[in-house]
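Here's the structure we're looking at; comments come further down.
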Amino acid sequence: MLDAVTIEILWSRITSIVDEAAKVIVRTSFSTLSNEANDFACVLTDAAGQSLAQNTGSIPSFIGTLPATVRHFLGEFGPDSPDGGMQDGDVYITNNPWQGTGHLPDVCIAKPVFRDGRLVAFAAACSHVPDIGGMVRSVEPREVFEEGLHIPLMRFMRNGVADATLIKLLRTNVRTPDQTLGDIWALVGAVELMARRLVATLEEYGQADVSALAAELFARSEAAMRRAIRALPEGTYRFGFDTDGLAEPFRFELALTIRDGAITADYTGSSPQQPRAINCPLTYTNAMTAYAVKCALLPNLPNNEGMFRPDGDRAGGFGAEPDAAGRRRRPHGERALRADAGFRRSVSGRTGAGDGGAGLPALGLDACRAAAGTEFRDGAVLQRRFRGAARQGRRQLPVMAVQHLVDPGRGRRAQQPDLLPLQAVARRLGWRRPVSRRARPGCRDRH
Amino acid sequence: MSEYSLGIDIGGTFTDLVIHDHDSGRRWGCKVLTTHADPQQGVVAGVRTILAESGLDPRGISRVVHATTLFTNALIERKGALTGLLVTAGFRDMLEIGRERKYDLYDVGIENPPPLVPRNLRLDVGERMRADGSVAEPLDEAQLLRQVDVLRAAGVTSVALVFLHAYANPVHEEQAARAIAAHAPELFVTPSHQVVREIREYERASTTVASAYVKPIAAGYLAALAGELVRLDISAPLLLMLSGGGLTHAAEVNRNPAQMLESGPAAGALAAAFFGARDGIADLLAFDMGGTTAKLSLVDGGEPLVAYGFEAARQKRFIEGSGLPIRLSTIELIEIGAGGGSIARRDEIGLLKVGPDSAGSEPGPACYGGGGTAPTVTDANLLLGYLNPDFFAGGTLKIDGEAAARAIAGLAGKLRLTAEAAAAGIHEVVNENMAGAARVHIAERGRDPRRYALVCTGGGGPVHGYGVARKLGITRLVCPPSPGVASAWGLLVAPARVDRVTTIGFRLDSDPLAGFEAAFRQLEDEARAVVAATGLPLAGLRVDRLGDGRCVGQGFDLVVPLPPGPYADDAIARPALAAAFERGYREKFGRAPPAVPLEFINARVSLRVAAAGGHIADLTGTAGETPAAAIKGRRRAWFAEAGGFVDATVYDRDRLAANTTIAGPALIEDPGSTLVVGPAATAQVMPSGSIVVELR
């Protein structure tokens, strides 16, 4: 068993490895989404694809998505695969929205890390490339096929040599072949660096693999998260609102249940899949929900698998549709938000940094995503809402449950007994009261 | 008559002064308290003291070199001049919009640094320049002056001008500056193209505003200081240390005082380079560890690395992105929340964390007996035997070992460790924090830490250098004489230096070479005039050309050294420029750049003239003393590789003769610090006065 000092040292070393890899991506990528907006992530996982560390500055929408991608690679290329399984020198690639990070421009790369011939870890990275074909930055597509080139789970390199056929195919199907491939090579550079550094670290500390560290880290993180949840008043808190949508408005519903050291976020009642590219794959809904939980409860603990372990009995119980694994053709853009029971996570908005810095959840892109469980693919909807808010002189738009926690209601809602525990939660979390109730355009409250 | 150089470094707590006699190589140093309200008073007191101690004639002082944290503090404390900002219509909020990134993604109470200029003092001006430097809309001078009157009425004394694309064509900023000077001559005016003639309006605005914000203070302070020096009979010109590690004259600092923001740390890095060079070490990592922070900077081939931007006045001190971006050359430096006062604690998942919170000097570590109860790095070092309870700060501070033991025991219980393991853990975790930061910093530059020597200064550097070096795979430590005050020496060895930059946007495969060459020529002429005005001899002037290159379409530029000019022949210059970029790219990223056309966004020049010569006298102890004579005793000290506590020999550094060799484990004490030499190391006292430790 590792002690508190050894775990700290190994873990901080691993975190500095993913942060170093992140700098490589910033400095070598072409996409401004990577090098300006940090729209990328670097992760080291154990041999089972469970996240040990994620780069510090990676955007929250990637929490847990890359490890899930690694597990898909394991399923596809693992020991049972026909061509000999994973080997040292392999690198895998995909941009499948359901298995990857939500939409085709996000290309995910993973490299199995071997020590003494044994698979010990994965180094993974993904970023938003400059172009992936398809309609440019549009919400118009009605099918995923209109959105761009779909790279299924593929082997990108074997023995350190890239698949020339795949590269040719990629270059031919994107508008910016040099830049898109340049970004993919930036990712490869990042995973190779992580792999090298991890092996050196294991050697230095005489560790055969990361399993001892992972076991301690996950157990401790999970315990800390459960402790933090148990400090909150139990109950089910509901919130819902309508948003303007594209063709017609759509609705978001959330029932947030805090019970027995777990949080369940149930989005049942939300609108079904929309016939435009504004839907959100489950892996993203997961990430956004996890983000909110982390902000609220354990903001300082670096991301790792242990924080967001679903309860065993409910694991994977998302009411997933048959196409969740991405193995079926889909008629529409991307899968709608239809997470059902068993999704033990919560949702909140992102903090607005500017304009007075009141420290409130605000309507940023991530907040929209979190609130809506929806990625606004070209920001059009988002911008409309922003402009609307700006016209009315409002600084921030509150979203969903967290607003209830922070601003537990006045007037009619204050009389509702089910909101009282929320006020207690807000007080417990030390959140300040943000904006007046009037500042809620588009949020038709149905309590 | 002898010639002397005087160095004055105003820090947050102390003002350090050093004098060097060029002929004899002798030197004197002293420390006085910084007088924040009126900083030149501390300087006057210090100069009187050092002149009295040395018995020198002030008229023999041939130059005075100065570094100060004064302007940095004005930014941190928001105590600069009331400043106005005039911008291209529509851009008044760019300071607040800033960059897209948040410095902390998980803090729901995050606050951005408040802008130096509040919204009511940021006003629009009708004008518009295109990116190619052509005028889209002429400057509305009448409106400009109306806005200036609004600012004057509000009490503004300093005005920053930031017009869009002024780097491409500054005529509107120039016209506006002239109009303001005629209309309101009492105002300080700072046009952005004179501060940082570089693309990217937010960074340019942030830098320009910071410069304007401290400009009135700088003008008043530098004039007052020059006056005091004259009254002290020192007629030598006042030279000022720039963040980039060079000297310049007062007029250049008055033009853009933001150039001095990192002057103190720059002196520290130069000092490390200087001390390394005395023992023939050109590649080193300067490691300065004090009470609250550790600073690390890389010296390559005898030259501290330079960065082309940094952050001032961070909202959260150790978090990147929480400060005001300053796009000016600076000695590259990382600051870590790791010092003797750093507090150790159990975190939310039961792991041992150290820092960045610090017990500071009030209440200080538990062992100071000042009421501190939190376990700190110093308390751990005391328990591990590294520090001598009877010789703390040269014996001037009484140490409460019991209090340290209590503080550590409390934490050990929470971590389910023995007190000894907890103390060792604190020492190792803080070492890892510093080594981890250094590792990323060095790797970012594509370098390997093992080829560097670690130069340890500050109170903590010599104590932790051994452990940090082991973690980095570094095999050699250098501990300069009097490591506690070593950094002020950087002032006396600094070259005169001017850095200039302009955005050019030169596409290597298609743009005419003549334009690129002309840009460098103009920068060099400007820079040469500034160096000439320092009054230093121009013999040995070194001119370096650099370029911010990238593959067309990339978002990040890489500053690479370029071949010397002139660039005249396409067949020679273009391949040479491409090769220079490729070399820089390979060095940093370990692979060739993608096969994409190249462009140089910015042209940079750096002009340097080496400092006046003069050796610094060897600073060894009494010649002929045997090592045994320097032994003070023995003490148990903890070393992981020895499996725990072992007996270490304790030496008095001041009595060690040159060329003495000491095998570890040993503890070499001087009044300012203790050099820890582990069992796997050998220390040698060099004729230079430094101690070089070789690790096996």
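We name chains A, B, ... following the order of the structure tokens; residues begin at 1 in each chain, and ligands are numbered from 1 as shown.
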
Using only C-alpha atoms, which protein or nucleic acid residues come within 12 Å of range 399-404 of chain B? Drop anything in the same chain fewer than 2 positions from it, and give the result as an mmCIF file with C-alpha atoms, in the first residue's frame.
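Final output, saved to part.cif:
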data_model
loop_
_atom_site.group_PDB
_atom_site.id
_atom_site.type_symbol
_atom_site.label_atom_id
_atom_site.label_comp_id
_atom_site.auth_asym_id
_atom_site.auth_seq_id
_atom_site.Cartn_x
_atom_site.Cartn_y
_atom_site.Cartn_z
ATOM 1 C CA GLY B 364 6.340 32.373 10.831
ATOM 2 C CA PRO B 365 7.152 28.690 11.151
ATOM 3 C CA ALA B 366 6.226 27.050 14.461
ATOM 4 C CA CYS B 367 9.898 26.860 15.462
ATOM 5 C CA TYR B 368 10.236 30.655 15.351
ATOM 6 C CA GLY B 369 8.149 30.753 18.504
ATOM 7 C CA GLY B 370 6.096 33.609 17.099
ATOM 8 C CA GLY B 371 2.809 31.878 17.798
ATOM 9 C CA GLY B 372 2.704 29.846 14.581
ATOM 10 C CA THR B 373 1.263 26.370 15.066
ATOM 11 C CA ALA B 374 1.037 25.173 11.464
ATOM 12 C CA PRO B 375 3.812 22.805 10.386
ATOM 13 C CA THR B 376 6.051 24.394 7.782
ATOM 14 C CA VAL B 377 8.941 23.386 5.584
ATOM 15 C CA THR B 378 11.381 25.050 7.992
ATOM 16 C CA ASP B 379 9.957 23.052 10.900
ATOM 17 C CA ALA B 380 10.438 19.863 8.904
ATOM 18 C CA ASN B 381 13.985 20.862 7.966
ATOM 19 C CA LEU B 382 14.761 21.452 11.636
ATOM 20 C CA LEU B 383 13.450 18.007 12.614
ATOM 21 C CA LEU B 384 15.373 16.389 9.799
ATOM 22 C CA GLY B 385 18.572 17.850 11.188
ATOM 23 C CA LEU B 387 19.079 23.281 10.253
ATOM 24 C CA ASN B 388 21.020 24.118 13.369
ATOM 25 C CA PRO B 389 18.758 25.328 16.183
ATOM 26 C CA ASP B 390 21.686 27.172 17.781
ATOM 27 C CA PHE B 391 22.839 28.921 14.607
ATOM 28 C CA PHE B 392 19.625 30.139 13.017
ATOM 29 C CA ALA B 393 20.208 33.269 10.966
ATOM 30 C CA GLY B 394 23.744 33.184 12.304
ATOM 31 C CA GLY B 395 22.487 32.566 15.825
ATOM 32 C CA THR B 396 20.356 35.705 15.942
ATOM 33 C CA LEU B 397 17.036 33.850 16.055
ATOM 34 C CA ARG B 406 4.441 19.475 18.096
ATOM 35 C CA ALA B 407 3.341 20.998 14.790
ATOM 36 C CA ILE B 408 4.763 18.127 12.764
ATOM 37 C CA ALA B 409 3.412 15.465 15.137
ATOM 38 C CA GLY B 410 -0.091 16.872 14.791
ATOM 39 C CA LEU B 411 0.021 16.536 11.020
ATOM 40 C CA ALA B 419 6.684 12.303 12.840
ATOM 41 C CA GLU B 420 9.941 11.480 11.111
ATOM 42 C CA ALA B 423 8.897 15.634 8.191
#

Could you give me the residues within range 102-199 of chain A that DSSP places in alpha helix (DSSP H), as a compact mmCIF listing (two decimals) with N, CA and C atoms, in the first residue's frame?
# COMPACT_ATOMS: atom_id res chain seq x y z
N ALA A 164 -0.86 5.00 -44.04
CA ALA A 164 -0.82 5.92 -45.18
C ALA A 164 -2.19 6.04 -45.85
N THR A 165 -2.93 4.94 -45.88
CA THR A 165 -4.25 4.96 -46.51
C THR A 165 -5.17 5.91 -45.75
N LEU A 166 -5.15 5.78 -44.45
CA LEU A 166 -6.02 6.61 -43.62
C LEU A 166 -5.64 8.09 -43.79
N ILE A 167 -4.35 8.35 -43.82
CA ILE A 167 -3.91 9.74 -43.96
C ILE A 167 -4.36 10.32 -45.30
N LYS A 168 -4.23 9.51 -46.34
CA LYS A 168 -4.65 9.98 -47.67
C LYS A 168 -6.15 10.28 -47.69
N LEU A 169 -6.89 9.39 -47.08
CA LEU A 169 -8.34 9.55 -47.02
C LEU A 169 -8.70 10.82 -46.24
N LEU A 170 -8.02 11.02 -45.13
CA LEU A 170 -8.26 12.19 -44.30
C LEU A 170 -7.94 13.47 -45.07
N ARG A 171 -6.78 13.48 -45.68
CA ARG A 171 -6.34 14.69 -46.39
C ARG A 171 -7.30 15.05 -47.51
N THR A 172 -7.85 14.02 -48.13
CA THR A 172 -8.73 14.25 -49.27
C THR A 172 -10.09 14.79 -48.84
N ASN A 173 -10.49 14.49 -47.62
CA ASN A 173 -11.86 14.80 -47.22
C ASN A 173 -12.00 16.00 -46.29
N PRO A 177 -6.12 20.23 -45.30
CA PRO A 177 -5.39 18.99 -45.01
C PRO A 177 -4.13 19.23 -44.17
N ASP A 178 -3.37 20.27 -44.49
CA ASP A 178 -2.12 20.48 -43.74
C ASP A 178 -2.40 20.79 -42.27
N GLN A 179 -3.38 21.65 -42.06
CA GLN A 179 -3.65 22.06 -40.69
C GLN A 179 -4.32 20.94 -39.89
N THR A 180 -5.26 20.26 -40.51
CA THR A 180 -5.93 19.19 -39.78
C THR A 180 -4.94 18.07 -39.44
N LEU A 181 -4.13 17.68 -40.43
CA LEU A 181 -3.13 16.65 -40.13
C LEU A 181 -2.09 17.18 -39.15
N GLY A 182 -1.76 18.49 -39.28
CA GLY A 182 -0.82 19.09 -38.34
C GLY A 182 -1.33 18.97 -36.91
N ASP A 183 -2.62 19.19 -36.73
CA ASP A 183 -3.18 19.07 -35.38
C ASP A 183 -3.18 17.62 -34.90
N ILE A 184 -3.42 16.70 -35.82
CA ILE A 184 -3.38 15.29 -35.43
C ILE A 184 -1.97 14.91 -35.01
N TRP A 185 -0.97 15.43 -35.74
CA TRP A 185 0.41 15.15 -35.34
C TRP A 185 0.75 15.82 -34.00
N ALA A 186 0.14 16.94 -33.74
CA ALA A 186 0.35 17.58 -32.43
C ALA A 186 -0.17 16.65 -31.32
N LEU A 187 -1.31 16.01 -31.58
CA LEU A 187 -1.85 15.07 -30.60
C LEU A 187 -0.94 13.86 -30.43
N VAL A 188 -0.43 13.37 -31.55
CA VAL A 188 0.46 12.22 -31.48
C VAL A 188 1.71 12.60 -30.66
N GLY A 189 2.24 13.80 -30.91
CA GLY A 189 3.39 14.26 -30.15
C GLY A 189 3.08 14.29 -28.66
N ALA A 190 1.88 14.70 -28.32
CA ALA A 190 1.49 14.79 -26.91
C ALA A 190 1.39 13.40 -26.27
N VAL A 191 0.76 12.45 -26.96
CA VAL A 191 0.62 11.12 -26.33
C VAL A 191 1.97 10.41 -26.25
N GLU A 192 2.82 10.66 -27.22
CA GLU A 192 4.14 10.02 -27.16
C GLU A 192 4.95 10.57 -26.00
N LEU A 193 4.84 11.87 -25.80
CA LEU A 193 5.54 12.47 -24.66
C LEU A 193 5.02 11.91 -23.34
N MET A 194 3.70 11.82 -23.22
CA MET A 194 3.13 11.30 -21.97
C MET A 194 3.61 9.87 -21.72
N ALA A 195 3.64 9.07 -22.77
CA ALA A 195 4.05 7.68 -22.61
C ALA A 195 5.50 7.60 -22.13
N ARG A 196 6.37 8.37 -22.78
CA ARG A 196 7.79 8.38 -22.37
C ARG A 196 7.95 8.79 -20.93
N ARG A 197 7.30 9.88 -20.57
CA ARG A 197 7.46 10.41 -19.22
C ARG A 197 6.88 9.45 -18.18
N LEU A 198 5.77 8.82 -18.51
CA LEU A 198 5.16 7.92 -17.53
C LEU A 198 6.08 6.73 -17.25
N VAL A 199 6.61 6.16 -18.30
CA VAL A 199 7.50 5.00 -18.11
C VAL A 199 8.72 5.40 -17.27

Counting only C-alpha atoms, what are the residues of chain A within 6 Å of chain B, and for each of them which pair of atoms is the nearest and at what distance in Å, to one decimal? Sort the table by chain and rising number, as a Markdown table.
| residue | atom | partner | partner_atom | distance |
| --- | --- | --- | --- | --- |
| A:Ala4 | CA | B:Leu351 | CA | 4.6 |
| A:Val5 | CA | B:Gly425 | CA | 5.6 |
| A:Glu8 | CA | B:Leu351 | CA | 5.8 |
| A:Glu20 | CA | B:Val440 | CA | 5.6 |
| A:Arg27 | CA | B:Phe556 | CA | 5.7 |
| A:Phe30 | CA | B:Gln554 | CA | 4.1 |
| A:Thr32 | CA | B:Gly555 | CA | 5.8 |
| A:Arg220 | CA | B:Ile349 | CA | 5.3 |
| A:Ser221 | CA | B:Ile349 | CA | 5.9 |
| A:Ala224 | CA | B:Ile349 | CA | 5.8 |
| A:Cys295 | CA | B:Tyr106 | CA | 4.8 |
| A:Pro299 | CA | B:Tyr106 | CA | 5.0 |
| A:Thr351 | CA | B:Val108 | CA | 5.3 |
| A:Gly357 | CA | B:Glu111 | CA | 5.3 |
| A:Gly359 | CA | B:Gly109 | CA | 4.2 |

Any chance you can output those residues with N, CA and C atoms as a PDB file, in the first residue's frame?
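After the write, out.pdb holds the following:
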ATOM      1  N   ALA A   4       0.633   8.396   2.176  1.00  0.00           N
ATOM      2  CA  ALA A   4       0.114   9.700   1.746  1.00  0.00           C
ATOM      3  C   ALA A   4       1.170  10.536   1.021  1.00  0.00           C
ATOM      4  N   VAL A   5       2.421  10.282   1.327  1.00  0.00           N
ATOM      5  CA  VAL A   5       3.485  11.061   0.680  1.00  0.00           C
ATOM      6  C   VAL A   5       3.769  10.506  -0.716  1.00  0.00           C
ATOM      7  N   GLU A   8       0.994  11.294  -3.165  1.00  0.00           N
ATOM      8  CA  GLU A   8       1.048  12.707  -3.545  1.00  0.00           C
ATOM      9  C   GLU A   8       2.148  12.948  -4.584  1.00  0.00           C
ATOM     10  N   GLU A  20       2.404  19.040 -19.158  1.00  0.00           N
ATOM     11  CA  GLU A  20       3.483  19.263 -20.129  1.00  0.00           C
ATOM     12  C   GLU A  20       2.991  18.907 -21.532  1.00  0.00           C
ATOM     13  N   ARG A  27       1.274  24.664 -28.340  1.00  0.00           N
ATOM     14  CA  ARG A  27       2.330  25.268 -29.136  1.00  0.00           C
ATOM     15  C   ARG A  27       2.432  24.708 -30.545  1.00  0.00           C
ATOM     16  N   PHE A  30      -2.720  23.948 -34.968  1.00  0.00           N
ATOM     17  CA  PHE A  30      -3.124  24.998 -35.889  1.00  0.00           C
ATOM     18  C   PHE A  30      -4.453  25.605 -35.490  1.00  0.00           C
ATOM     19  N   THR A  32      -7.228  27.433 -33.707  1.00  0.00           N
ATOM     20  CA  THR A  32      -7.294  28.423 -32.625  1.00  0.00           C
ATOM     21  C   THR A  32      -8.144  27.899 -31.482  1.00  0.00           C
ATOM     22  N   ARG A 220      -9.765   7.024  -2.507  1.00  0.00           N
ATOM     23  CA  ARG A 220      -9.760   8.243  -1.705  1.00  0.00           C
ATOM     24  C   ARG A 220     -10.642   9.323  -2.324  1.00  0.00           C
ATOM     25  N   SER A 221     -10.583   9.451  -3.651  1.00  0.00           N
ATOM     26  CA  SER A 221     -11.370  10.494  -4.314  1.00  0.00           C
ATOM     27  C   SER A 221     -12.862  10.198  -4.201  1.00  0.00           C
ATOM     28  N   ALA A 224     -14.014  11.030  -0.784  1.00  0.00           N
ATOM     29  CA  ALA A 224     -14.118  12.475  -0.576  1.00  0.00           C
ATOM     30  C   ALA A 224     -15.387  13.013  -1.226  1.00  0.00           C
ATOM     31  N   CYS A 295     -17.503  21.514  -9.444  1.00  0.00           N
ATOM     32  CA  CYS A 295     -17.459  22.929  -9.046  1.00  0.00           C
ATOM     33  C   CYS A 295     -18.106  23.123  -7.678  1.00  0.00           C
ATOM     34  N   PRO A 299     -14.018  21.501  -5.828  1.00  0.00           N
ATOM     35  CA  PRO A 299     -13.394  22.262  -6.913  1.00  0.00           C
ATOM     36  C   PRO A 299     -11.874  22.112  -6.978  1.00  0.00           C
ATOM     37  N   THR A 351     -19.329  29.723 -14.411  1.00  0.00           N
ATOM     38  CA  THR A 351     -19.237  31.032 -13.792  1.00  0.00           C
ATOM     39  C   THR A 351     -18.964  32.111 -14.821  1.00  0.00           C
ATOM     40  N   GLY A 357     -17.907  40.628 -12.235  1.00  0.00           N
ATOM     41  CA  GLY A 357     -17.333  39.501 -11.514  1.00  0.00           C
ATOM     42  C   GLY A 357     -18.097  39.118 -10.273  1.00  0.00           C
ATOM     43  N   GLY A 359     -19.363  36.559  -9.537  1.00  0.00           N
ATOM     44  CA  GLY A 359     -19.145  35.182  -9.143  1.00  0.00           C
ATOM     45  C   GLY A 359     -20.401  34.357  -9.228  1.00  0.00           C
TER      46      GLY A 359
END

### Task
Excluding Arg528 in chain B and any residue of its chain fewer than 2 positions from it, enumerate the residues within 10 Å of it, using only C-alpha atoms, and give them as an MDAnalysis selection string.
chainID B and resid 497:498 522:526 530:533 538 541 543 606:608

### Task
Could you give me, as a PyMOL selection string, each residue of range 391-508 of chain B that DSSP assigns to strand (DSSP E) when run on this structure's backbone?
chain B and resi 453-457+476-479+496-507

### Message
as a ChimeraX atom specification, please: the residues near Ala68 in chain A (cut-off 10 Å, only C-alpha atoms, same-chain neighbours under 3 positions excluded).
### Response
/A:49-51,63-65,71-74,98-101,283

### Message
With only C-alpha atoms as the counted atoms, please give the residues lying no more than 7 Å from Thr15 in chain B, apart from itself and same-chain residues fewer than 3 positions off, as JSON, numbers by chain.
### Response
{"B": [9, 10, 11, 31, 32, 33, 34]}

Kindly save the residues from that selection, with C-alpha atoms included, as an mmCIF file, in the first residue's frame.
data_model
loop_
_atom_site.group_PDB
_atom_site.id
_atom_site.type_symbol
_atom_site.label_atom_id
_atom_site.label_comp_id
_atom_site.auth_asym_id
_atom_site.auth_seq_id
_atom_site.Cartn_x
_atom_site.Cartn_y
_atom_site.Cartn_z
ATOM 1 C CA ASP B 9 18.149 46.611 -5.337
ATOM 2 C CA ILE B 10 14.903 47.666 -3.666
ATOM 3 C CA GLY B 11 12.913 44.602 -2.709
ATOM 4 C CA LYS B 31 20.981 45.520 3.741
ATOM 5 C CA VAL B 32 18.576 48.177 4.984
ATOM 6 C CA LEU B 33 14.822 48.126 5.398
ATOM 7 C CA THR B 34 12.840 49.310 2.387
#

### Message
Which residues are close to range 224-238 of chain B, i.e. within 6 Å by only C-alpha atoms, leaving aside same-chain residues fewer than 5 positions away? Reply as JSON, numbers by chain.
### Response
{"B": [40, 58, 59, 62, 63, 64]}
